[in-house]
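Engineer: Can you read through this structure? Questions will come right after.
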Amino acid sequence: MSTNVAFPFRIDERGRTAQVDDARHVRELIEQVLFTSPGERVNRPTFGSGILQLVFAPSSDALAATVQASVLAALQRWLGDLIQVADVRATSIDALLTVEIDYVILASGERRSDSFTRST
């Protein structure tokens, strides 16, 4: 039985705290790192990636490289003991940011590819 609390926090159909399996938990942790802005968490002021600030910047090769570097650095810092990132791809259209990440869950060796989207 899983002991990972679902994100965002919610109550399941039994009236208990919703739980998720390990792969889903890691995906939810990645989402939190990506879309939390530094300074947003009280006791962890440096937590996050800061990529939401880049959504309205003009698309360019430099922007793509900045997003990739920011995502890689944030994931390595905050989740480096859980995952190994293989590739990061980011696209920004209007106010919609999509980040695709290929990674390996270190505990299981499972290879995953997930897409994360956020509008501002």
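Letters for chains follow the order of the structure tokens (A, B, ...), residue numbers begin at 1 for each chain, and ligand numbers begin at 1 in the order shown.
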DSSP on the backbone: what in chain A comes out strand (DSSP E or B), as a VMD selection string?

Structural biologist: chain A and resid 4 to 5 11 17 19 to 20 83 to 93 96 to 105 111 to 119

Engineer: Could you write out, as a VMD selection string, all the residues of stretch 24-102 of chain A that DSSP marks as alpha helix (DSSP H)?

Structural biologist: chain A and resid 24 to 35 61 to 79

Engineer: So what do you get for atom CA of A:Ser92 versus atom CA of A:Gly80, distance-wise?

Structural biologist: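 Separation between atom CA of A:Ser92 and atom CA of A:Gly80: 25.6 Å.
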
Engineer: Calculated over only C-alpha atoms, which of the candidates A:Leu75, A:Ala69, A:Ala23, A:Leu29 has the smallest distance to A:Ile105?

Structural biologist: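 Checking each of A:Leu75, A:Ala69, A:Ala23, A:Leu29 against A:Ile105, counting only C-alpha atoms, the winner is A:Ala23.
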
Engineer: Taking only C-alpha atoms into account, name the residue in A:Trp78, A:Leu72, A:Leu96, A:Ile30 that is nearest to A:Arg44.

Structural biologist: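 Among A:Trp78, A:Leu72, A:Leu96, A:Ile30, it is A:Trp78 that comes nearest to A:Arg44.
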
Engineer: Just want the 12 Å neighbourhood of A:Arg111, counted on only C-alpha atoms, with same-chain residues fewer than 4 positions away dropped. Output as a list in words.

Structural biologist: Ala23, Val26, Arg27, Ile83, Gln84, Val85, Ala86, Asp87, Ile101, Asp102, Tyr103, Val104, Ile105, Leu106 and Ala107 of chain A

Engineer: Using only C-alpha atoms, pick whichever of A:Thr91, A:Gln76, A:Asn4, A:Thr17 has the shortest atom-to-atom distance to A:Asp61.

Structural biologist: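 Checking each candidate against A:Asp61, we get A:Thr91 as the closest.
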
Engineer: Can you tell me how far atom CA of A:Val71 sits from atom CA of A:Val20, in Å to one decimal?

Structural biologist: 24.0 Å

Engineer: Quick one: residues within 8 Å of A:Gln19, only C-alpha atoms counted, chain neighbours fewer than 2 positions away excluded, as a VMD selection string?

Structural biologist: chain A and resid 2 to 6 17 21

Engineer: Using only C-alpha atoms, please write the residues we just selected to a file, as a short mmCIF file (atom, residue, chain, number, x, y, z; two decimals), in the first residue's frame.

Structural biologist:
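Okay, part36.cif is ready:
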```cif
data_model
loop_
_atom_site.label_atom_id
_atom_site.label_comp_id
_atom_site.auth_asym_id
_atom_site.auth_seq_id
_atom_site.Cartn_x
_atom_site.Cartn_y
_atom_site.Cartn_z
CA SER A 2 1.29 3.43 -0.94
CA THR A 3 2.16 5.98 1.70
CA ASN A 4 2.63 8.90 -0.71
CA VAL A 5 0.14 11.72 -0.18
CA ALA A 6 -1.46 12.91 -3.42
CA THR A 17 -6.23 11.30 2.60
CA ASP A 21 1.87 5.14 -6.18
#
```

Engineer: Record the distance separating atom CA of A:Arg118 and atom CA of A:Val99, expressed in Å with one decimal.

Structural biologist: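 Separation between atom CA of A:Arg118 and atom CA of A:Val99: 8.9 Å.
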
Engineer: Ranking A:Ala18, A:Val42, A:Val33, A:Val88 by minimum distance to A:Ala65 and counting only C-alpha atoms, which one comes first?

Structural biologist: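 Nearest to A:Ala65: A:Val88.
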
Engineer: Could you give me, as a PyMOL selection string, the residues within 8 Å of A:Gly50, counting only C-alpha atoms and dropping anything in the same chain fewer than 6 positions from it?

Structural biologist: chain A and resi 34-38+70
